[in-house]
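Q: File follows, work.txt with compact mmCIF, C-alpha atoms and all ligand atoms:
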# COMPACT_ATOMS: atom_id res chain seq x y z
CA MET A 913 -91.67 159.59 81.31
CA GLN A 914 -89.91 160.32 84.57
CA ILE A 915 -86.16 159.78 84.75
CA PRO A 916 -85.17 159.93 88.42
CA ILE A 917 -81.62 160.81 89.30
CA THR A 918 -80.59 158.35 91.99
CA PRO A 919 -77.36 157.85 93.94
CA ASN A 920 -76.64 155.01 91.49
CA ASP A 921 -77.01 157.19 88.42
CA ASN A 922 -74.31 156.79 85.76
CA SER A 923 -73.16 160.39 86.19
CA LYS A 924 -71.18 159.12 89.21
CA LEU A 925 -69.96 156.02 87.39
CA HIS A 926 -66.38 157.10 86.71
CA HIS A 927 -65.68 158.15 90.26
CA ASN A 928 -67.32 155.08 91.82
CA PHE A 929 -65.81 152.32 89.70
CA VAL A 930 -62.12 153.18 89.36
CA PRO A 931 -60.97 151.35 92.55
CA GLU A 932 -63.00 148.28 91.61
CA ILE A 933 -61.58 148.13 88.07
CA GLU A 934 -58.04 148.69 89.32
CA ALA A 935 -58.32 145.91 91.91
CA GLY A 936 -59.42 143.49 89.17
CA LEU A 937 -56.64 144.45 86.76
CA LEU A 938 -53.95 144.21 89.44
CA ALA A 939 -55.16 140.85 90.83
CA GLN A 940 -52.94 137.79 90.40
CA LEU A 941 -55.60 136.31 88.09
CA PRO A 942 -56.84 139.52 86.49
CA TYR A 943 -60.56 140.04 86.00
CA ILE A 944 -63.03 142.72 84.88
CA SER A 945 -66.60 142.73 86.18
CA PRO A 946 -69.07 141.72 83.41
CA LYS A 947 -71.19 144.81 84.12
CA PHE A 948 -68.60 146.79 82.13
CA LEU A 949 -69.60 144.78 79.03
CA TYR A 950 -72.73 146.93 78.87
CA ASP A 951 -71.53 150.37 77.81
CA PRO A 952 -73.69 151.87 75.01
CA LEU A 953 -71.90 149.90 72.23
CA GLY A 954 -71.75 146.75 74.39
CA SER A 955 -75.52 146.94 74.96
CA HIS A 956 -76.08 147.05 71.20
CA LEU A 957 -73.65 144.16 70.68
CA PHE A 958 -75.52 142.14 73.30
CA THR A 959 -78.78 142.81 71.45
CA ALA A 960 -77.04 141.51 68.29
CA ILE A 961 -76.01 138.35 70.20
CA THR A 962 -79.63 137.70 71.09
CA LEU A 963 -80.45 137.69 67.35
CA LEU A 964 -77.88 134.96 66.59
CA PRO A 965 -79.37 131.54 65.83
CA GLU A 966 -76.58 129.94 67.92
CA TYR A 967 -77.52 131.98 71.02
CA TYR A 968 -80.37 129.66 72.05
CA PRO A 969 -81.31 131.31 75.43
CA THR A 970 -83.22 134.25 73.90
CA ASN A 971 -85.20 132.24 71.36
CA THR A 972 -85.93 129.45 73.78
CA GLU A 973 -87.08 131.79 76.53
CA LYS A 974 -89.26 133.63 74.01
CA SER A 975 -90.88 130.37 72.90
CA ILE A 976 -91.67 129.50 76.54
CA PHE A 977 -93.11 133.00 77.16
CA THR A 978 -95.30 132.64 74.05
CA GLU A 979 -96.43 129.08 74.67
CA TYR A 980 -97.25 129.61 78.36
CA GLN A 981 -98.24 133.29 78.43
CA ASP A 982 -101.74 132.51 79.72
CA GLN A 983 -100.47 130.26 82.51
CA ILE A 984 -97.77 132.78 83.46
CA THR A 985 -100.31 135.63 83.50
CA LYS A 986 -102.67 133.54 85.65
CA ALA A 987 -99.85 132.80 88.10
CA ILE A 988 -98.90 136.49 88.44
CA GLY A 989 -102.26 138.25 88.06
CA THR A 990 -102.93 141.53 86.26
CA GLY A 991 -102.21 145.12 87.32
CA GLY A 992 -99.57 146.18 89.84
CA THR A 993 -95.99 147.21 89.19
CA LEU A 994 -93.63 145.43 86.82
CA ILE A 995 -89.99 145.98 87.83
CA ASP A 996 -87.65 145.03 85.00
CA LEU A 997 -84.14 144.15 86.19
CA GLY A 998 -81.54 144.67 83.44
CA ALA A 999 -84.25 145.95 81.10
CA GLY A 1000 -81.94 146.57 78.09
CA ASN A 1001 -84.18 147.39 75.13
CA CYS A 1002 -87.32 146.61 77.24
CA GLN A 1003 -88.66 144.26 74.53
CA LYS A 1004 -89.15 141.24 76.78
CA ALA A 1005 -91.21 143.18 79.30
CA GLU A 1006 -93.21 144.73 76.47
CA SER A 1007 -94.26 141.26 75.34
CA PHE A 1008 -96.15 140.97 78.68
CA PHE A 1009 -97.77 144.44 78.69
CA ASN A 1010 -100.98 143.34 76.98
CA SER A 1011 -101.51 140.25 79.14
CA LEU A 1012 -100.22 141.50 82.53
CA GLN A 1013 -101.57 145.06 82.06
CA PRO A 1014 -99.29 146.60 84.71
CA SER A 1015 -100.28 150.05 85.93
CA ASN A 1016 -96.60 150.90 86.46
CA TYR A 1017 -93.46 149.80 84.67
CA MET A 1018 -90.08 150.49 86.19
CA ALA A 1019 -87.04 149.69 84.03
CA ILE A 1020 -83.67 149.31 85.76
CA ASP A 1021 -80.35 148.90 83.98
CA PHE A 1022 -76.68 149.63 84.40
CA SER A 1023 -76.55 151.45 81.04
CA VAL A 1024 -79.03 154.29 81.53
CA GLU A 1025 -78.43 155.99 78.16
CA TYR A 1026 -79.54 152.88 76.27
CA LEU A 1027 -82.52 152.51 78.60
CA GLU A 1028 -83.72 156.08 78.14
CA ASP A 1029 -83.88 155.66 74.35
CA ALA A 1030 -85.80 152.39 74.65
CA LEU A 1031 -88.25 153.74 77.22
CA GLU A 1032 -89.00 156.90 75.31
CA LYS A 1033 -90.28 154.84 72.36
CA LEU A 1034 -92.27 152.55 74.66
CA ALA A 1035 -93.95 155.35 76.65
CA GLY A 1036 -95.60 156.65 73.46
CA LYS A 1037 -96.98 153.20 72.62
CA TYR A 1038 -98.53 152.45 76.04
CA PRO A 1039 -99.92 155.72 77.43
CA SER A 1040 -101.91 153.95 80.17
CA ILE A 1041 -98.75 152.56 81.81
CA GLN A 1042 -96.76 154.89 84.07
CA MET A 1043 -93.12 154.40 83.11
CA GLN A 1044 -89.86 155.30 84.74
CA CYS A 1045 -86.26 154.20 84.42
CA ILE A 1046 -83.30 154.14 86.77
CA GLY A 1047 -79.62 153.59 86.09
CA MET A 1048 -78.57 151.24 88.89
CA ASP A 1049 -75.81 148.76 89.54
CA PHE A 1050 -78.12 146.30 91.30
CA SER A 1051 -75.31 143.70 91.37
CA LYS A 1052 -74.16 145.64 94.46
CA GLN A 1053 -77.48 146.56 96.05
CA LEU A 1054 -81.06 146.60 94.85
CA ILE A 1055 -82.95 149.60 96.18
CA ILE A 1056 -86.47 150.17 94.90
CA PRO A 1057 -87.43 153.83 95.50
CA LYS A 1058 -89.97 154.42 98.27
CA SER A 1059 -92.25 156.12 95.74
CA ILE A 1060 -92.96 152.72 94.09
CA ALA A 1061 -96.11 151.12 95.56
CA LYS A 1062 -95.23 148.29 97.94
CA ASP A 1063 -98.05 145.95 97.00
CA ARG A 1064 -98.27 143.78 93.86
CA ARG A 1065 -94.68 144.17 92.75
CA THR A 1066 -93.58 141.69 90.11
CA PHE A 1067 -89.84 141.57 89.57
CA PHE A 1068 -88.98 140.51 86.03
CA TYR A 1069 -85.52 139.04 85.58
CA PRO A 1070 -85.39 137.27 82.20
CA GLY A 1071 -82.52 136.08 80.00
CA SER A 1072 -80.77 134.02 82.69
CA SER A 1073 -78.88 137.11 83.83
CA ILE A 1074 -78.90 135.50 87.28
CA GLY A 1075 -76.33 133.13 85.75
CA ASN A 1076 -73.77 135.94 85.56
CA PHE A 1077 -73.52 136.00 89.36
CA LEU A 1078 -71.58 133.64 91.63
CA SER A 1079 -74.06 131.56 93.63
CA SER A 1080 -73.37 133.58 96.81
CA GLU A 1081 -74.08 136.83 94.91
CA ALA A 1082 -77.16 135.32 93.24
CA LEU A 1083 -78.47 134.28 96.66
CA GLU A 1084 -77.98 137.81 98.01
CA LEU A 1085 -79.74 139.40 95.02
CA LEU A 1086 -82.65 136.94 95.25
CA ARG A 1087 -82.95 137.69 98.99
CA GLN A 1088 -83.13 141.41 98.23
CA ILE A 1089 -85.77 140.80 95.55
CA LYS A 1090 -87.82 138.62 97.92
CA SER A 1091 -87.66 141.22 100.70
CA GLN A 1092 -88.93 143.98 98.36
CA ALA A 1093 -91.50 141.92 96.42
CA ASN A 1094 -93.83 141.83 99.45
CA ASP A 1095 -97.03 140.11 98.26
CA GLY A 1096 -95.75 139.97 94.65
CA GLY A 1097 -93.15 137.66 93.17
CA LEU A 1098 -90.33 137.07 90.73
CA LEU A 1099 -90.63 135.97 87.09
CA MET A 1100 -87.20 134.77 86.04
CA GLY A 1101 -85.52 133.02 83.09
CA VAL A 1102 -82.80 130.48 83.89
CA ASP A 1103 -80.45 128.70 81.51
CA LEU A 1104 -80.08 124.96 82.13
CA MET A 1105 -76.91 122.84 81.86
CA LYS A 1106 -76.41 121.15 78.49
CA GLU A 1107 -73.77 119.61 76.21
CA ASP A 1108 -70.52 121.48 75.38
CA SER A 1109 -71.14 121.79 71.63
CA VAL A 1110 -74.33 123.83 72.15
CA LEU A 1111 -72.65 126.06 74.74
CA ILE A 1112 -69.53 126.66 72.62
CA ALA A 1113 -71.59 127.59 69.56
CA ALA A 1114 -73.62 130.06 71.66
CA TYR A 1115 -70.63 131.74 73.33
CA ASP A 1116 -68.09 131.56 70.47
CA ASP A 1117 -70.34 132.20 67.49
CA PRO A 1118 -68.97 132.00 63.93
CA LEU A 1119 -69.90 135.63 63.15
CA LYS A 1120 -67.70 136.68 66.10
CA VAL A 1121 -70.38 138.92 67.58
CA THR A 1122 -69.68 137.53 71.06
CA ALA A 1123 -65.96 138.11 70.48
CA ALA A 1124 -66.68 141.78 69.66
CA PHE A 1125 -68.95 142.05 72.73
CA ASN A 1126 -66.21 140.62 74.97
CA LEU A 1127 -63.35 142.67 73.43
CA ASN A 1128 -65.39 145.88 73.68
CA ILE A 1129 -65.06 145.63 77.47
CA LEU A 1130 -61.48 146.88 77.02
CA ARG A 1131 -62.73 150.10 75.38
CA SER A 1132 -65.38 150.42 78.08
CA ILE A 1133 -62.58 150.13 80.69
CA ASN A 1134 -60.42 152.65 78.80
CA SER A 1135 -63.19 155.22 79.07
CA GLN A 1136 -63.81 154.49 82.77
CA LEU A 1137 -60.18 154.28 83.86
CA GLY A 1138 -58.22 156.27 81.26
CA SER A 1139 -56.24 153.12 80.41
CA ASP A 1140 -54.68 152.36 77.03
CA PHE A 1141 -55.89 148.82 76.28
CA ARG A 1142 -55.57 147.98 72.57
CA VAL A 1143 -58.32 145.60 71.46
CA GLU A 1144 -56.14 144.09 68.70
CA GLN A 1145 -53.70 142.75 71.32
CA PHE A 1146 -56.33 140.35 72.76
CA ARG A 1147 -58.60 137.55 71.60
CA HIS A 1148 -61.91 136.18 72.88
CA LYS A 1149 -61.65 132.82 74.65
CA VAL A 1150 -64.35 130.53 76.02
CA LYS A 1151 -63.96 127.70 78.56
CA ILE A 1152 -66.59 125.30 79.88
CA ASN A 1153 -66.08 124.70 83.60
CA ARG A 1154 -68.04 121.54 84.48
CA LEU A 1155 -67.00 121.64 88.14
CA GLU A 1156 -68.63 125.05 88.60
CA ASN A 1157 -71.41 124.43 86.03
CA ARG A 1158 -70.59 127.49 84.00
CA VAL A 1159 -69.31 128.97 80.75
CA GLU A 1160 -66.33 131.27 81.36
CA LEU A 1161 -65.32 134.15 79.09
CA TYR A 1162 -61.76 135.45 78.95
CA LEU A 1163 -59.61 137.82 76.92
CA GLU A 1164 -56.25 136.28 76.04
CA ALA A 1165 -53.16 138.43 75.39
CA LEU A 1166 -51.77 137.77 71.90
CA GLU A 1167 -48.33 139.20 72.81
CA ASN A 1168 -46.33 140.55 75.76
CA LEU A 1169 -47.74 144.00 76.56
CA THR A 1170 -48.18 146.67 79.22
CA VAL A 1171 -51.40 148.52 79.89
CA ALA A 1172 -51.06 151.87 81.68
CA TRP A 1173 -53.60 154.19 83.35
CA PRO A 1174 -53.25 157.25 85.59
CA GLY A 1175 -51.18 156.18 88.57
CA ASN A 1176 -50.61 152.54 87.62
CA SER A 1177 -49.91 149.86 85.00
CA ARG A 1178 -50.08 146.09 84.47
CA THR A 1179 -47.87 143.87 82.35
CA PHE A 1180 -49.38 140.88 80.54
CA GLU A 1181 -47.39 138.05 78.96
CA LYS A 1182 -48.53 136.35 75.77
CA ASP A 1183 -51.39 133.88 76.58
CA ASP A 1184 -52.22 135.58 79.91
CA LEU A 1185 -55.96 135.73 80.53
CA ILE A 1186 -58.33 138.39 81.82
CA HIS A 1187 -61.52 136.80 83.17
CA THR A 1188 -64.52 138.84 82.01
CA GLU A 1189 -67.65 136.76 82.62
CA ASN A 1190 -69.16 133.63 84.16
CA SER A 1191 -72.43 132.30 82.82
CA HIS A 1192 -73.73 129.72 85.28
CA LYS A 1193 -76.05 126.99 84.08
CA TYR A 1194 -78.52 125.55 86.57
CA THR A 1195 -80.60 122.41 86.99
CA ILE A 1196 -84.25 122.67 88.04
CA GLU A 1197 -83.23 121.29 91.45
CA SER A 1198 -80.30 123.69 91.95
CA ILE A 1199 -82.30 126.82 91.05
CA GLN A 1200 -85.21 125.73 93.23
CA LEU A 1201 -82.82 125.23 96.15
CA LEU A 1202 -81.33 128.70 95.59
CA LEU A 1203 -84.80 130.28 95.50
CA ASN A 1204 -85.86 128.43 98.65
CA ASN A 1205 -82.68 129.57 100.42
CA ALA A 1206 -83.53 133.15 99.39
CA GLY A 1207 -86.92 132.86 101.11
CA PHE A 1208 -89.22 132.02 98.19
CA LYS A 1209 -91.79 129.45 99.30
CA SER A 1210 -93.31 128.30 96.02
CA THR A 1211 -92.29 128.01 92.36
CA GLN A 1212 -94.09 127.36 89.09
CA ILE A 1213 -91.80 126.25 86.28
CA TRP A 1214 -92.16 126.13 82.49
CA THR A 1215 -89.54 124.62 80.14
CA ASP A 1216 -89.03 123.97 76.41
CA PRO A 1217 -89.16 120.47 74.85
CA LYS A 1218 -85.33 120.12 74.90
CA ASP A 1219 -85.07 121.32 78.52
CA TYR A 1220 -82.58 123.99 77.45
CA PHE A 1221 -84.15 126.79 79.49
CA ALA A 1222 -86.60 127.34 82.36
CA VAL A 1223 -89.01 130.17 83.15
CA ILE A 1224 -89.87 130.33 86.83
CA TYR A 1225 -92.42 132.28 88.82
CA ALA A 1226 -91.42 132.32 92.47
CA GLN A 1227 -93.33 133.72 95.45
C1 LIG A 1301 -76.72 138.55 79.92
N1 LIG A 1301 -76.25 137.18 80.08
C2 LIG A 1301 -77.30 136.31 80.57
C3 LIG A 1301 -75.57 136.64 78.89
C4 LIG A 1301 -75.16 135.17 79.14
O1 LIG A 1301 -75.51 134.33 78.32
O2 LIG A 1301 -74.53 134.90 80.16
C5 LIG A 1301 -74.37 137.46 78.52
C6 LIG A 1301 -73.59 136.90 77.38
N2 LIG A 1301 -72.31 136.72 77.36
C7 LIG A 1301 -71.95 136.23 76.20
N3 LIG A 1301 -73.01 136.01 75.48
C8 LIG A 1301 -74.07 136.44 76.19
Can you present the structure in this file as structure tokens?
A:
Amino acid sequence: MQIPITPNDNSKLHHNFVPEIEAGLLAQLPYISPKFLYDPLGSHLFTAITLLPEYYPTNTEKSIFTEYQDQITKAIGTGGTLIDLGAGNCQKAESFFNSLQPSNYMAIDFSVEYLEDALEKLAGKYPSIQMQCIGMDFSKQLIIPKSIAKDRRTFFYPGSSIGNFLSSEALELLRQIKSQANDGGLLMGVDLMKEDSVLIAAYDDPLKVTAAFNLNILRSINSQLGSDFRVEQFRHKVKINRLENRVELYLEALENLTVAWPGNSRTFEKDDLIHTENSHKYTIESIQLLLNNAGFKSTQIWTDPKDYFAVIYAQ
């Protein structure tokens, strides 16, 4: 396994992200970028979320992958390079290794420590696949190293992670994918709009795993910024925003408090909110429009019987 050190490697994380975090905390409506949810503990907590029965996206996407694996493989073709965006524990990509038989697998994630562990196990299991991983914040810019063959690139972006971007950001990312896919394409999972009760159960689960995942962002920020957030002074809050077609995650202050970090501080009053994540839900029409605007000419779409989730191959 090759682990390239790139300009986006996490070793530079602290230095690079302080101004961005500070700007969010000092904003009139404070916010923290959702990428900070995925520190090593946050990545494990997210994996735990995907095991919750209430968190339907993972199970539903998996059922579509299983049911339509042959059709998906036929659409993509075998061989080439599989580029896994937000690879996490690499399990979803692994489920396609036997059918797609990529010659190269490149795993990209914000949390490189978690990725390295996952990839090390995988490399031993599939010796015929060349594997490498990169720690990259591709929410800013997606740069595929020149060493990766240009032809037959399949970008793999499952889990409806595209939903965590504003539509302008999603459009930009999809444009960057399209421009680097060349004669390949994009296999993507997209969560579809549905009734409130299903969304609330998925994002405010009774075991409080999502609450822990959301609250952990404060510890992740403490280690990036040197701030003194205390998790017990906040609670997880979920709102459904029908106008924007999204689930919104917040942390709500339980009391009046001040958070300090080197060179600055922010006061919160009881009930003040910190916005931590948007999870946009699409319709088939709205995602197709976004893909077309990004330059993709054709799409093949597979859904589940309840139309909860869509898997799309775009070229
Ligand atoms: C990674 N992403 C697609 C998840 C979602 O559903 O938006 C993150 C998540 N947030 C809370 N639960 C899961």
Q: Would you list the residues near (-78.4, 149.5, 71.8), meaning any protein, DNA or RNA residue with an atom at most 6 Å from that point in file coordinates, counting all atoms listed in the file, as a PyMOL selection string?
A: chain A and resi 955-956+1026
Q: Record the distance separating atom CA of Leu1185 of chain A and atom CA of Lys1149 of chain A, expressed in Å with one decimal.
A: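 Going from atom CA of Leu1185 of chain A over to atom CA of Lys1149 of chain A, I get 8.7 Å.
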Q: May I ask which of the residues A:Phe1146, A:Gly1071, A:Phe1221, A:Ile944 is the closest one to Glu932 of chain A, counting only C-alpha atoms?
A: A:Ile944
Q: For segment 987-994 of chain A, please output as a ChimeraX atom specification all residues within 10 Å (counting all atoms listed in the file; exclusion window: fewer than 4 positions along the same chain).
A: /A:981-983,1005,1008-1019,1041-1043,1060-1068,1096-1099,1211-1212,1225-1227
Q: Okay, now the selection with C-alpha atoms, as a PDB file, in the coordinates of the input?
A:
ATOM      1  CA  GLN A 981     -98.240 133.290  78.430  1.00  0.00           C
ATOM      2  CA  ASP A 982    -101.740 132.510  79.720  1.00  0.00           C
ATOM      3  CA  GLN A 983    -100.470 130.260  82.510  1.00  0.00           C
ATOM      4  CA  ALA A1005     -91.210 143.180  79.300  1.00  0.00           C
ATOM      5  CA  PHE A1008     -96.150 140.970  78.680  1.00  0.00           C
ATOM      6  CA  PHE A1009     -97.770 144.440  78.690  1.00  0.00           C
ATOM      7  CA  ASN A1010    -100.980 143.340  76.980  1.00  0.00           C
ATOM      8  CA  SER A1011    -101.510 140.250  79.140  1.00  0.00           C
ATOM      9  CA  LEU A1012    -100.220 141.500  82.530  1.00  0.00           C
ATOM     10  CA  GLN A1013    -101.570 145.060  82.060  1.00  0.00           C
ATOM     11  CA  PRO A1014     -99.290 146.600  84.710  1.00  0.00           C
ATOM     12  CA  SER A1015    -100.280 150.050  85.930  1.00  0.00           C
ATOM     13  CA  ASN A1016     -96.600 150.900  86.460  1.00  0.00           C
ATOM     14  CA  TYR A1017     -93.460 149.800  84.670  1.00  0.00           C
ATOM     15  CA  MET A1018     -90.080 150.490  86.190  1.00  0.00           C
ATOM     16  CA  ALA A1019     -87.040 149.690  84.030  1.00  0.00           C
ATOM     17  CA  ILE A1041     -98.750 152.560  81.810  1.00  0.00           C
ATOM     18  CA  GLN A1042     -96.760 154.890  84.070  1.00  0.00           C
ATOM     19  CA  MET A1043     -93.120 154.400  83.110  1.00  0.00           C
ATOM     20  CA  ILE A1060     -92.960 152.720  94.090  1.00  0.00           C
ATOM     21  CA  ALA A1061     -96.110 151.120  95.560  1.00  0.00           C
ATOM     22  CA  LYS A1062     -95.230 148.290  97.940  1.00  0.00           C
ATOM     23  CA  ASP A1063     -98.050 145.950  97.000  1.00  0.00           C
ATOM     24  CA  ARG A1064     -98.270 143.780  93.860  1.00  0.00           C
ATOM     25  CA  ARG A1065     -94.680 144.170  92.750  1.00  0.00           C
ATOM     26  CA  THR A1066     -93.580 141.690  90.110  1.00  0.00           C
ATOM     27  CA  PHE A1067     -89.840 141.570  89.570  1.00  0.00           C
ATOM     28  CA  PHE A1068     -88.980 140.510  86.030  1.00  0.00           C
ATOM     29  CA  GLY A1096     -95.750 139.970  94.650  1.00  0.00           C
ATOM     30  CA  GLY A1097     -93.150 137.660  93.170  1.00  0.00           C
ATOM     31  CA  LEU A1098     -90.330 137.070  90.730  1.00  0.00           C
ATOM     32  CA  LEU A1099     -90.630 135.970  87.090  1.00  0.00           C
ATOM     33  CA  THR A1211     -92.290 128.010  92.360  1.00  0.00           C
ATOM     34  CA  GLN A1212     -94.090 127.360  89.090  1.00  0.00           C
ATOM     35  CA  TYR A1225     -92.420 132.280  88.820  1.00  0.00           C
ATOM     36  CA  ALA A1226     -91.420 132.320  92.470  1.00  0.00           C
ATOM     37  CA  GLN A1227     -93.330 133.720  95.450  1.00  0.00           C
TER      38      GLN A1227
END
Q: Please provide the set of residues having any atom within 12 Å of Asn1205 of chain A, restricted to only C-alpha atoms, with same-chain residues fewer than 4 positions apart removed, written as a list in words.
A: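 Neighbouring residues, sequence-local ones excluded: Ser1079, Ser1080, Ala1082, Leu1083, Glu1084, Leu1085, Leu1086, Arg1087, Lys1090, Ser1198, Ile1199, Gln1200, Leu1201, Lys1209 and Ser1210 of chain A.
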Q: Return the single residue from A:Tyr1220, A:Phe1050, A:Tyr967, A:Tyr1162 that is closest to ligand LIG 1301 (chain A), with distances computed using all atoms listed in the file.
A: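 Checking each candidate against ligand LIG 1301 (chain A), we get A:Tyr967 as the closest.
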Q: Within 8 Å of ligand LIG 1301 (chain A), which residues show up when you count only C-alpha atoms and all ligand atoms? List them as a tab-separated table (two decimals) with C-alpha atoms, in the frame of the given file, please.
A:
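Full text of out-v9.tsv as output:
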chain	number	residue	atom	x	y	z
A	958	PHE	CA	-75.52	142.14	73.30
A	961	ILE	CA	-76.01	138.35	70.20
A	962	THR	CA	-79.63	137.70	71.09
A	967	TYR	CA	-77.52	131.98	71.02
A	969	PRO	CA	-81.31	131.31	75.43
A	1071	GLY	CA	-82.52	136.08	80.00
A	1072	SER	CA	-80.77	134.02	82.69
A	1073	SER	CA	-78.88	137.11	83.83
A	1074	ILE	CA	-78.90	135.50	87.28
A	1075	GLY	CA	-76.33	133.13	85.75
A	1076	ASN	CA	-73.77	135.94	85.56
A	1114	ALA	CA	-73.62	130.06	71.66
A	1115	TYR	CA	-70.63	131.74	73.33
A	1122	THR	CA	-69.68	137.53	71.06
A	1125	PHE	CA	-68.95	142.05	72.73
A	1126	ASN	CA	-66.21	140.62	74.97
A	1159	VAL	CA	-69.31	128.97	80.75
A	1161	LEU	CA	-65.32	134.15	79.09
A	1189	GLU	CA	-67.65	136.76	82.62
A	1190	ASN	CA	-69.16	133.63	84.16
A	1191	SER	CA	-72.43	132.30	82.82
A	1192	HIS	CA	-73.73	129.72	85.28
Q: Which value, in Å to one decimal, gives the distance between atom CA of Leu1163 of chain A and atom CA of Tyr950 of chain A?
A: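 One can read the atom CA of Leu1163 of chain A to atom CA of Tyr950 of chain A distance as 16.1 Å.
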